[in-house]
file protein-v6.json (JSON, N, CA, C and O atoms)
[["chain", "number", "residue", "atom", "x", "y", "z"],
["A", 11, "MET", "N", -6.62, -11.20, -11.84],
["A", 11, "MET", "CA", -6.14, -11.48, -10.50],
["A", 11, "MET", "C", -4.92, -10.60, -10.20],
["A", 11, "MET", "O", -4.17, -10.24, -11.08],
["A", 12, "ALA", "N", -4.78, -10.31, -8.92],
["A", 12, "ALA", "CA", -3.65, -9.52, -8.46],
["A", 12, "ALA", "C", -3.06, -10.21, -7.23],
["A", 12, "ALA", "O", -3.73, -11.01, -6.57],
["A", 13, "THR", "N", -1.83, -9.89, -6.94],
["A", 13, "THR", "CA", -1.16, -10.44, -5.77],
["A", 13, "THR", "C", -0.98, -9.34, -4.74],
["A", 13, "THR", "O", -0.50, -8.25, -5.07],
["A", 14, "ILE", "N", -1.40, -9.62, -3.53],
["A", 14, "ILE", "CA", -1.10, -8.72, -2.41],
["A", 14, "ILE", "C", -0.50, -9.59, -1.31],
["A", 14, "ILE", "O", -0.57, -10.82, -1.35],
["A", 15, "PHE", "N", 0.12, -8.94, -0.35],
["A", 15, "PHE", "CA", 0.72, -9.65, 0.77],
["A", 15, "PHE", "C", 0.02, -9.19, 2.04],
["A", 15, "PHE", "O", 0.00, -8.00, 2.34],
["A", 16, "VAL", "N", -0.58, -10.15, 2.74],
["A", 16, "VAL", "CA", -1.31, -9.84, 3.97],
["A", 16, "VAL", "C", -0.53, -10.46, 5.13],
["A", 16, "VAL", "O", -0.38, -11.68, 5.19],
["A", 17, "ASN", "N", -0.01, -9.60, 5.99],
["A", 17, "ASN", "CA", 0.84, -10.05, 7.10],
["A", 17, "ASN", "C", 1.92, -10.99, 6.56],
["A", 17, "ASN", "O", 2.15, -12.07, 7.08],
["A", 18, "ALA", "N", 2.54, -10.57, 5.45],
["A", 18, "ALA", "CA", 3.65, -11.25, 4.78],
["A", 18, "ALA", "C", 3.25, -12.55, 4.07],
["A", 18, "ALA", "O", 4.09, -13.24, 3.54],
["A", 19, "GLU", "N", 1.95, -12.84, 4.01],
["A", 19, "GLU", "CA", 1.48, -14.03, 3.31],
["A", 19, "GLU", "C", 0.91, -13.63, 1.95],
["A", 19, "GLU", "O", 0.05, -12.76, 1.85],
["A", 20, "LYS", "N", 1.40, -14.30, 0.91],
["A", 20, "LYS", "CA", 0.96, -14.00, -0.46],
["A", 20, "LYS", "C", -0.49, -14.42, -0.65],
["A", 20, "LYS", "O", -0.87, -15.54, -0.29],
["A", 21, "ARG", "N", -1.29, -13.51, -1.21],
["A", 21, "ARG", "CA", -2.71, -13.78, -1.48],
["A", 21, "ARG", "C", -3.04, -13.35, -2.90],
["A", 21, "ARG", "O", -2.60, -12.29, -3.35],
["A", 22, "GLU", "N", -3.84, -14.15, -3.57],
["A", 22, "GLU", "CA", -4.36, -13.80, -4.89],
["A", 22, "GLU", "C", -5.75, -13.22, -4.69],
["A", 22, "GLU", "O", -6.60, -13.85, -4.05],
["A", 23, "VAL", "N", -5.98, -12.02, -5.19],
["A", 23, "VAL", "CA", -7.27, -11.35, -5.02],
["A", 23, "VAL", "C", -7.72, -10.78, -6.36],
["A", 23, "VAL", "O", -6.94, -10.63, -7.29],
["A", 24, "THR", "N", -8.99, -10.46, -6.41],
["A", 24, "THR", "CA", -9.56, -9.80, -7.58],
["A", 24, "THR", "C", -9.73, -8.33, -7.26],
["A", 24, "THR", "O", -10.27, -7.97, -6.22],
["A", 25, "LEU", "N", -9.23, -7.49, -8.14],
["A", 25, "LEU", "CA", -9.37, -6.04, -7.98],
["A", 25, "LEU", "C", -10.55, -5.57, -8.81],
["A", 25, "LEU", "O", -10.89, -6.20, -9.81],
["A", 26, "PRO", "N", -11.20, -4.48, -8.46],
["A", 26, "PRO", "CA", -10.89, -3.57, -7.35],
["A", 26, "PRO", "C", -11.25, -4.18, -6.01],
["A", 26, "PRO", "O", -12.17, -5.01, -5.91],
["A", 27, "LEU", "N", -10.51, -3.75, -4.98],
["A", 27, "LEU", "CA", -10.71, -4.25, -3.63],
["A", 27, "LEU", "C", -10.30, -3.16, -2.65],
["A", 27, "LEU", "O", -9.20, -2.62, -2.74],
["A", 28, "THR", "N", -11.19, -2.85, -1.73],
["A", 28, "THR", "CA", -10.87, -1.87, -0.69],
["A", 28, "THR", "C", -10.39, -2.59, 0.57],
["A", 28, "THR", "O", -10.54, -3.81, 0.70],
["A", 29, "VAL", "N", -9.85, -1.83, 1.50],
["A", 29, "VAL", "CA", -9.43, -2.40, 2.78],
["A", 29, "VAL", "C", -10.63, -3.04, 3.49],
["A", 29, "VAL", "O", -10.54, -4.16, 3.99],
["A", 30, "THR", "N", -11.76, -2.35, 3.50],
["A", 30, "THR", "CA", -12.96, -2.90, 4.12],
["A", 30, "THR", "C", -13.36, -4.22, 3.48],
["A", 30, "THR", "O", -13.68, -5.19, 4.18],
["A", 31, "GLU", "N", -13.34, -4.28, 2.17],
["A", 31, "GLU", "CA", -13.70, -5.52, 1.47],
["A", 31, "GLU", "C", -12.71, -6.64, 1.78],
["A", 31, "GLU", "O", -13.11, -7.80, 1.93],
["A", 32, "LEU", "N", -11.43, -6.31, 1.91],
["A", 32, "LEU", "CA", -10.43, -7.31, 2.26],
["A", 32, "LEU", "C", -10.69, -7.87, 3.66],
["A", 32, "LEU", "O", -10.61, -9.08, 3.88],
["A", 33, "ILE", "N", -11.01, -7.00, 4.60],
["A", 33, "ILE", "CA", -11.33, -7.43, 5.96],
["A", 33, "ILE", "C", -12.50, -8.40, 5.94],
["A", 33, "ILE", "O", -12.47, -9.44, 6.61],
["A", 34, "GLU", "N", -13.52, -8.09, 5.16],
["A", 34, "GLU", "CA", -14.68, -8.97, 5.06],
["A", 34, "GLU", "C", -14.32, -10.28, 4.36],
["A", 34, "GLU", "O", -14.71, -11.36, 4.81],
["A", 35, "LEU", "N", -13.55, -10.20, 3.29],
["A", 35, "LEU", "CA", -13.14, -11.37, 2.52],
["A", 35, "LEU", "C", -12.36, -12.35, 3.38],
["A", 35, "LEU", "O", -12.54, -13.57, 3.29],
["A", 36, "LEU", "N", -11.49, -11.83, 4.23],
["A", 36, "LEU", "CA", -10.63, -12.68, 5.07],
["A", 36, "LEU", "C", -11.26, -13.02, 6.42],
["A", 36, "LEU", "O", -10.63, -13.70, 7.23],
["A", 37, "ASN", "N", -12.47, -12.54, 6.66],
["A", 37, "ASN", "CA", -13.14, -12.77, 7.95],
["A", 37, "ASN", "C", -12.22, -12.42, 9.12],
["A", 37, "ASN", "O", -12.04, -13.22, 10.04],
["A", 38, "VAL", "N", -11.65, -11.22, 9.06],
["A", 38, "VAL", "CA", -10.75, -10.77, 10.12],
["A", 38, "VAL", "C", -11.51, -10.72, 11.45],
["A", 38, "VAL", "O", -12.59, -10.15, 11.54],
["A", 39, "GLU", "N", -10.91, -11.36, 12.45],
["A", 39, "GLU", "CA", -11.53, -11.37, 13.77],
["A", 39, "GLU", "C", -11.44, -9.99, 14.41],
["A", 39, "GLU", "O", -10.42, -9.32, 14.29],
["A", 40, "ASN", "N", -12.49, -9.60, 15.08],
["A", 40, "ASN", "CA", -12.53, -8.34, 15.81],
["A", 40, "ASN", "C", -12.04, -7.16, 14.98],
["A", 40, "ASN", "O", -11.10, -6.47, 15.37],
["A", 41, "PRO", "N", -12.66, -6.88, 13.83],
["A", 41, "PRO", "CA", -12.18, -5.78, 13.00],
["A", 41, "PRO", "C", -12.20, -4.43, 13.71],
["A", 41, "PRO", "O", -11.43, -3.54, 13.36],
["A", 42, "GLU", "N", -13.05, -4.30, 14.73],
["A", 42, "GLU", "CA", -13.09, -3.05, 15.47],
["A", 42, "GLU", "C", -11.85, -2.87, 16.34],
["A", 42, "GLU", "O", -11.59, -1.78, 16.83],
["A", 43, "MET", "N", -11.07, -3.94, 16.53],
["A", 43, "MET", "CA", -9.88, -3.88, 17.37],
["A", 43, "MET", "C", -8.58, -3.89, 16.56],
["A", 43, "MET", "O", -7.51, -3.99, 17.12],
["A", 44, "VAL", "N", -8.69, -3.81, 15.24],
["A", 44, "VAL", "CA", -7.51, -3.94, 14.39],
["A", 44, "VAL", "C", -7.10, -2.58, 13.82],
["A", 44, "VAL", "O", -7.93, -1.72, 13.57],
["A", 45, "SER", "N", -5.81, -2.41, 13.67],
["A", 45, "SER", "CA", -5.27, -1.28, 12.91],
["A", 45, "SER", "C", -4.71, -1.85, 11.62],
["A", 45, "SER", "O", -4.28, -3.01, 11.58],
["A", 46, "VAL", "N", -4.72, -1.04, 10.58],
["A", 46, "VAL", "CA", -4.28, -1.53, 9.27],
["A", 46, "VAL", "C", -3.16, -0.64, 8.75],
["A", 46, "VAL", "O", -3.24, 0.59, 8.81],
["A", 47, "GLN", "N", -2.13, -1.29, 8.23],
["A", 47, "GLN", "CA", -1.08, -0.60, 7.51],
["A", 47, "GLN", "C", -1.11, -1.07, 6.06],
["A", 47, "GLN", "O", -1.24, -2.27, 5.80],
["A", 48, "VAL", "N", -1.03, -0.12, 5.15],
["A", 48, "VAL", "CA", -0.90, -0.44, 3.73],
["A", 48, "VAL", "C", 0.44, 0.12, 3.29],
["A", 48, "VAL", "O", 0.68, 1.34, 3.40],
["A", 49, "ASN", "N", 1.31, -0.75, 2.85],
["A", 49, "ASN", "CA", 2.67, -0.35, 2.44],
["A", 49, "ASN", "C", 3.36, 0.47, 3.53],
["A", 49, "ASN", "O", 3.95, 1.51, 3.29],
["A", 50, "GLU", "N", 3.25, -0.05, 4.76],
["A", 50, "GLU", "CA", 3.92, 0.48, 5.95],
["A", 50, "GLU", "C", 3.40, 1.84, 6.41],
["A", 50, "GLU", "O", 4.03, 2.50, 7.23],
["A", 51, "GLU", "N", 2.24, 2.26, 5.91],
["A", 51, "GLU", "CA", 1.62, 3.50, 6.37],
["A", 51, "GLU", "C", 0.27, 3.16, 6.98],
["A", 51, "GLU", "O", -0.52, 2.44, 6.38],
["A", 52, "PHE", "N", 0.02, 3.72, 8.18],
["A", 52, "PHE", "CA", -1.26, 3.45, 8.82],
["A", 52, "PHE", "C", -2.40, 4.02, 8.00],
["A", 52, "PHE", "O", -2.33, 5.15, 7.52],
["A", 53, "ALA", "N", -3.44, 3.21, 7.85],
["A", 53, "ALA", "CA", -4.64, 3.62, 7.13],
["A", 53, "ALA", "C", -5.67, 4.05, 8.17],
["A", 53, "ALA", "O", -5.99, 3.29, 9.09],
["A", 54, "GLU", "N", -6.19, 5.25, 8.03],
["A", 54, "GLU", "CA", -7.22, 5.73, 8.94],
["A", 54, "GLU", "C", -8.50, 4.93, 8.73],
["A", 54, "GLU", "O", -8.91, 4.67, 7.59],
["A", 55, "ARG", "N", -9.12, 4.54, 9.82],
["A", 55, "ARG", "CA", -10.33, 3.71, 9.77],
["A", 55, "ARG", "C", -11.41, 4.34, 8.87],
["A", 55, "ARG", "O", -12.08, 3.64, 8.12],
["A", 56, "GLU", "N", -11.55, 5.66, 8.92],
["A", 56, "GLU", "CA", -12.59, 6.31, 8.10],
["A", 56, "GLU", "C", -12.27, 6.27, 6.61],
["A", 56, "GLU", "O", -13.14, 6.56, 5.78],
["A", 57, "ASP", "N", -11.05, 5.88, 6.25],
["A", 57, "ASP", "CA", -10.66, 5.79, 4.84],
["A", 57, "ASP", "C", -10.69, 4.36, 4.29],
["A", 57, "ASP", "O", -10.45, 4.15, 3.10],
["A", 58, "TRP", "N", -10.95, 3.37, 5.15],
["A", 58, "TRP", "CA", -10.91, 1.98, 4.70],
["A", 58, "TRP", "C", -11.83, 1.71, 3.52],
["A", 58, "TRP", "O", -11.50, 0.88, 2.66],
["A", 59, "ASN", "N", -12.97, 2.39, 3.45],
["A", 59, "ASN", "CA", -13.91, 2.16, 2.35],
["A", 59, "ASN", "C", -13.43, 2.73, 1.03],
["A", 59, "ASN", "O", -13.96, 2.37, -0.03],
["A", 60, "THR", "N", -12.47, 3.64, 1.07],
["A", 60, "THR", "CA", -12.04, 4.30, -0.16],
["A", 60, "THR", "C", -10.62, 3.94, -0.58],
["A", 60, "THR", "O", -10.23, 4.24, -1.71],
["A", 61, "ILE", "N", -9.86, 3.30, 0.28],
["A", 61, "ILE", "CA", -8.49, 2.90, -0.09],
["A", 61, "ILE", "C", -8.57, 1.70, -1.01],
["A", 61, "ILE", "O", -9.04, 0.62, -0.62],
["A", 62, "GLN", "N", -8.15, 1.90, -2.25],
["A", 62, "GLN", "CA", -8.15, 0.84, -3.24],
["A", 62, "GLN", "C", -6.79, 0.14, -3.23],
["A", 62, "GLN", "O", -5.76, 0.79, -3.42],
["A", 63, "LEU", "N", -6.80, -1.15, -2.98],
["A", 63, "LEU", "CA", -5.56, -1.91, -2.97],
["A", 63, "LEU", "C", -5.09, -2.13, -4.40],
["A", 63, "LEU", "O", -5.90, -2.20, -5.33],
["A", 64, "LYS", "N", -3.77, -2.24, -4.55],
["A", 64, "LYS", "CA", -3.16, -2.42, -5.86],
["A", 64, "LYS", "C", -2.28, -3.67, -5.86],
["A", 64, "LYS", "O", -1.89, -4.16, -4.80],
["A", 65, "ASP", "N", -1.96, -4.16, -7.03],
["A", 65, "ASP", "CA", -1.09, -5.31, -7.18],
["A", 65, "ASP", "C", 0.21, -5.08, -6.41],
["A", 65, "ASP", "O", 0.79, -4.00, -6.46],
["A", 66, "ASN", "N", 0.62, -6.07, -5.66],
["A", 66, "ASN", "CA", 1.86, -6.07, -4.87],
["A", 66, "ASN", "C", 1.81, -5.19, -3.62],
["A", 66, "ASN", "O", 2.86, -4.95, -3.01],
["A", 67, "ASP", "N", 0.63, -4.72, -3.23],
["A", 67, "ASP", "CA", 0.54, -3.98, -1.96],
["A", 67, "ASP", "C", 0.82, -4.92, -0.79],
["A", 67, "ASP", "O", 0.56, -6.13, -0.86],
["A", 68, "ASN", "N", 1.36, -4.33, 0.27],
["A", 68, "ASN", "CA", 1.58, -5.04, 1.53],
["A", 68, "ASN", "C", 0.58, -4.51, 2.54],
["A", 68, "ASN", "O", 0.58, -3.31, 2.83],
["A", 69, "VAL", "N", -0.24, -5.40, 3.07],
["A", 69, "VAL", "CA", -1.25, -5.03, 4.05],
["A", 69, "VAL", "C", -0.95, -5.77, 5.35],
["A", 69, "VAL", "O", -0.74, -6.99, 5.34],
["A", 70, "ASP", "N", -0.90, -5.04, 6.44],
["A", 70, "ASP", "CA", -0.68, -5.66, 7.74],
["A", 70, "ASP", "C", -1.84, -5.32, 8.66],
["A", 70, "ASP", "O", -2.24, -4.16, 8.77],
["A", 71, "PHE", "N", -2.37, -6.36, 9.30],
["A", 71, "PHE", "CA", -3.40, -6.19, 10.32],
["A", 71, "PHE", "C", -2.70, -6.27, 11.67],
["A", 71, "PHE", "O", -2.03, -7.27, 11.97],
["A", 72, "LEU", "N", -2.81, -5.23, 12.46],
["A", 72, "LEU", "CA", -2.12, -5.15, 13.74],
["A", 72, "LEU", "C", -3.13, -5.11, 14.87],
["A", 72, "LEU", "O", -4.04, -4.28, 14.87],
["A", 73, "TYR", "N", -2.94, -5.99, 15.83],
["A", 73, "TYR", "CA", -3.80, -6.04, 17.01],
["A", 73, "TYR", "C", -2.99, -5.54, 18.19],
["A", 73, "TYR", "O", -1.87, -6.00, 18.42],
["A", 74, "PHE", "N", -3.53, -4.60, 18.90],
["A", 74, "PHE", "CA", -2.85, -4.08, 20.08],
["A", 74, "PHE", "C", -3.45, -4.75, 21.30],
["A", 74, "PHE", "O", -4.64, -4.66, 21.55],
["A", 75, "MET", "N", -2.59, -5.41, 22.03],
["A", 75, "MET", "CA", -3.03, -6.16, 23.20],
["A", 75, "MET", "C", -2.72, -5.36, 24.47],
["A", 75, "MET", "O", -1.62, -4.84, 24.61],
["A", 76, "GLY", "N", -3.70, -5.29, 25.33],
["A", 76, "GLY", "CA", -3.48, -4.66, 26.64],
["A", 76, "GLY", "C", -2.80, -5.65, 27.55],
["A", 76, "GLY", "O", -2.76, -6.85, 27.31],
["A", 77, "GLY", "N", -2.24, -5.15, 28.57],
["A", 77, "GLY", "CA", -1.61, -6.05, 29.52],
["A", 77, "GLY", "C", -0.71, -5.27, 30.44],
["A", 77, "GLY", "O", -0.66, -4.04, 30.41],
["A", 78, "GLY", "N", 0.00, -5.99, 31.21],
["A", 78, "GLY", "CA", 0.92, -5.35, 32.12],
["A", 78, "GLY", "C", 1.29, -6.31, 33.23],
["A", 78, "GLY", "O", 0.94, -7.49, 33.20],
["A", 79, "GLN", "N", 1.99, -5.79, 34.18],
["A", 79, "GLN", "CA", 2.42, -6.62, 35.28],
["A", 79, "GLN", "C", 1.38, -6.62, 36.37],
["A", 79, "GLN", "O", 0.69, -5.64, 36.58],
["A", 80, "SER", "N", 1.28, -7.74, 37.05],
["A", 80, "SER", "CA", 0.33, -7.80, 38.16],
["A", 80, "SER", "C", 1.04, -8.03, 39.47],
["A", 80, "SER", "O", 2.18, -8.32, 39.54]]

call {"tool": "encode", "arguments": {"input": "protein-v6.json", "output": "structure tokens"}}
result
Amino acid sequence: MATIFVNAEKREVTLPLTVTELIELLNVENPEMVSVQVNEEFAEREDWNTIQLKDNDNVDFLYFMGGGQS
């Protein structure tokens, strides 16, 4: 088992684990609308299948919301 932090929440996971697998494991809503940071660096969507998470990594799922004044 390894410990990672997802949006600052401690999670116990089994490695190896990619970003894509983590998204599936956590049932992330609207994965097509999410951006991912691993250790404060943006992960390119085309690399999610190959980025291997490591013990103590920090992963943030960021949702960009549209909006404005009416």

call {"tool": "residues_near_point", "arguments": {"input": "protein-v6.json", "point": "(-6.7, 0.2, 0.7)", "cutoff": "8 Å", "atoms": "all atoms listed in the file", "output": "number ranges by chain"}}
result
A: 27-30, 47-48, 53, 57-64

call {"tool": "write_last_selection", "arguments": {"input": "protein-v6.json", "atoms": "N, CA, C and O atoms", "output": "PDB file, in the coordinates of the input"}}
result
ATOM      1  N   LEU A  27     -10.510  -3.750  -4.980  1.00  0.00           N
ATOM      2  CA  LEU A  27     -10.710  -4.250  -3.630  1.00  0.00           C
ATOM      3  C   LEU A  27     -10.300  -3.160  -2.650  1.00  0.00           C
ATOM      4  O   LEU A  27      -9.200  -2.620  -2.740  1.00  0.00           O
ATOM      5  N   THR A  28     -11.190  -2.850  -1.730  1.00  0.00           N
ATOM      6  CA  THR A  28     -10.870  -1.870  -0.690  1.00  0.00           C
ATOM      7  C   THR A  28     -10.390  -2.590   0.570  1.00  0.00           C
ATOM      8  O   THR A  28     -10.540  -3.810   0.700  1.00  0.00           O
ATOM      9  N   VAL A  29      -9.850  -1.830   1.500  1.00  0.00           N
ATOM     10  CA  VAL A  29      -9.430  -2.400   2.780  1.00  0.00           C
ATOM     11  C   VAL A  29     -10.630  -3.040   3.490  1.00  0.00           C
ATOM     12  O   VAL A  29     -10.540  -4.160   3.990  1.00  0.00           O
ATOM     13  N   THR A  30     -11.760  -2.350   3.500  1.00  0.00           N
ATOM     14  CA  THR A  30     -12.960  -2.900   4.120  1.00  0.00           C
ATOM     15  C   THR A  30     -13.360  -4.220   3.480  1.00  0.00           C
ATOM     16  O   THR A  30     -13.680  -5.190   4.180  1.00  0.00           O
ATOM     17  N   GLN A  47      -2.130  -1.290   8.230  1.00  0.00           N
ATOM     18  CA  GLN A  47      -1.080  -0.600   7.510  1.00  0.00           C
ATOM     19  C   GLN A  47      -1.110  -1.070   6.060  1.00  0.00           C
ATOM     20  O   GLN A  47      -1.240  -2.270   5.800  1.00  0.00           O
ATOM     21  N   VAL A  48      -1.030  -0.120   5.150  1.00  0.00           N
ATOM     22  CA  VAL A  48      -0.900  -0.440   3.730  1.00  0.00           C
ATOM     23  C   VAL A  48       0.440   0.120   3.290  1.00  0.00           C
ATOM     24  O   VAL A  48       0.680   1.340   3.400  1.00  0.00           O
ATOM     25  N   ALA A  53      -3.440   3.210   7.850  1.00  0.00           N
ATOM     26  CA  ALA A  53      -4.640   3.620   7.130  1.00  0.00           C
ATOM     27  C   ALA A  53      -5.670   4.050   8.170  1.00  0.00           C
ATOM     28  O   ALA A  53      -5.990   3.290   9.090  1.00  0.00           O
ATOM     29  N   ASP A  57     -11.050   5.880   6.250  1.00  0.00           N
ATOM     30  CA  ASP A  57     -10.660   5.790   4.840  1.00  0.00           C
ATOM     31  C   ASP A  57     -10.690   4.360   4.290  1.00  0.00           C
ATOM     32  O   ASP A  57     -10.450   4.150   3.100  1.00  0.00           O
ATOM     33  N   TRP A  58     -10.950   3.370   5.150  1.00  0.00           N
ATOM     34  CA  TRP A  58     -10.910   1.980   4.700  1.00  0.00           C
ATOM     35  C   TRP A  58     -11.830   1.710   3.520  1.00  0.00           C
ATOM     36  O   TRP A  58     -11.500   0.880   2.660  1.00  0.00           O
ATOM     37  N   ASN A  59     -12.970   2.390   3.450  1.00  0.00           N
ATOM     38  CA  ASN A  59     -13.910   2.160   2.350  1.00  0.00           C
ATOM     39  C   ASN A  59     -13.430   2.730   1.030  1.00  0.00           C
ATOM     40  O   ASN A  59     -13.960   2.370  -0.030  1.00  0.00           O
ATOM     41  N   THR A  60     -12.470   3.640   1.070  1.00  0.00           N
ATOM     42  CA  THR A  60     -12.040   4.300  -0.160  1.00  0.00           C
ATOM     43  C   THR A  60     -10.620   3.940  -0.580  1.00  0.00           C
ATOM     44  O   THR A  60     -10.230   4.240  -1.710  1.00  0.00           O
ATOM     45  N   ILE A  61      -9.860   3.300   0.280  1.00  0.00           N
ATOM     46  CA  ILE A  61      -8.490   2.900  -0.090  1.00  0.00           C
ATOM     47  C   ILE A  61      -8.570   1.700  -1.010  1.00  0.00           C
ATOM     48  O   ILE A  61      -9.040   0.620  -0.620  1.00  0.00           O
ATOM     49  N   GLN A  62      -8.150   1.900  -2.250  1.00  0.00           N
ATOM     50  CA  GLN A  62      -8.150   0.840  -3.240  1.00  0.00           C
ATOM     51  C   GLN A  62      -6.790   0.140  -3.230  1.00  0.00           C
ATOM     52  O   GLN A  62      -5.760   0.790  -3.420  1.00  0.00           O
ATOM     53  N   LEU A  63      -6.800  -1.150  -2.980  1.00  0.00           N
ATOM     54  CA  LEU A  63      -5.560  -1.910  -2.970  1.00  0.00           C
ATOM     55  C   LEU A  63      -5.090  -2.130  -4.400  1.00  0.00           C
ATOM     56  O   LEU A  63      -5.900  -2.200  -5.330  1.00  0.00           O
ATOM     57  N   LYS A  64      -3.770  -2.240  -4.550  1.00  0.00           N
ATOM     58  CA  LYS A  64      -3.160  -2.420  -5.860  1.00  0.00           C
ATOM     59  C   LYS A  64      -2.280  -3.670  -5.860  1.00  0.00           C
ATOM     60  O   LYS A  64      -1.890  -4.160  -4.800  1.00  0.00           O
TER      61      LYS A  64
END

call {"tool": "residues_around", "arguments": {"input": "protein-v6.json", "residues": "A:Asn49", "least_positions_apart": "2", "cutoff": "9 Å", "atoms": "only C-alpha atoms", "output": "NGL selection string"}}
result
:A and (47 or 51-52 or 67-70)

call {"tool": "closest_residue", "arguments": {"input": "protein-v6.json", "among": "A:Thr24, A:Glu19, A:Glu31, A:Leu72", "to": "A:Val44", "atoms": "all atoms listed in the file"}}
result
A:Leu72

call {"tool": "atom_distance", "arguments": {"input": "protein-v6.json", "atom1": "atom N of A:Asn17", "atom2": "atom C of A:Phe74"}}
result
16.4 Å

call {"tool": "select_by_dssp", "arguments": {"input": "protein-v6.json", "residues": "chain A", "states": "strand (DSSP E)", "output": "list in words"}}
result
Ala12, Thr13, Ile14, Phe15, Val16, Glu19, Lys20, Arg21, Glu22, Val23, Val44, Ser45, Val46, Gln47, Val48, Glu51, Phe52, Ala53, Asn68, Val69, Asp70, Phe71, Leu72 and Tyr73 of chain A

call {"tool": "select_by_dssp", "arguments": {"input": "protein-v6.json", "residues": "chain A", "states": "alpha helix (DSSP H)", "output": "PyMOL selection string"}}
result
chain A and resi 29-35

call {"tool": "closest_residue", "arguments": {"input": "protein-v6.json", "among": "A:Met75, A:Ile33, A:Asp65, A:Val38", "to": "A:Ala12", "atoms": "all atoms listed in the file"}}
result
A:Asp65

call {"tool": "atom_distance", "arguments": {"input": "protein-v6.json", "atom1": "atom O of A:Phe15", "atom2": "atom N of A:Gly76"}}
result
23.4 Å

call {"tool": "atom_distance", "arguments": {"input": "protein-v6.json", "atom1": "atom C of A:Asn40", "atom2": "atom C of A:Val16"}}
result
15.5 Å

call {"tool": "closest_residue", "arguments": {"input": "protein-v6.json", "among": "A:Ala18, A:Arg55, A:Met11, A:Leu36", "to": "A:Phe71", "atoms": "all atoms listed in the file"}}
result
A:Ala18

call {"tool": "closest_residue", "arguments": {"input": "protein-v6.json", "among": "A:Glu34, A:Pro26, A:Asn66, A:Tyr73", "to": "A:Val46", "atoms": "only C-alpha atoms"}}
result
A:Tyr73
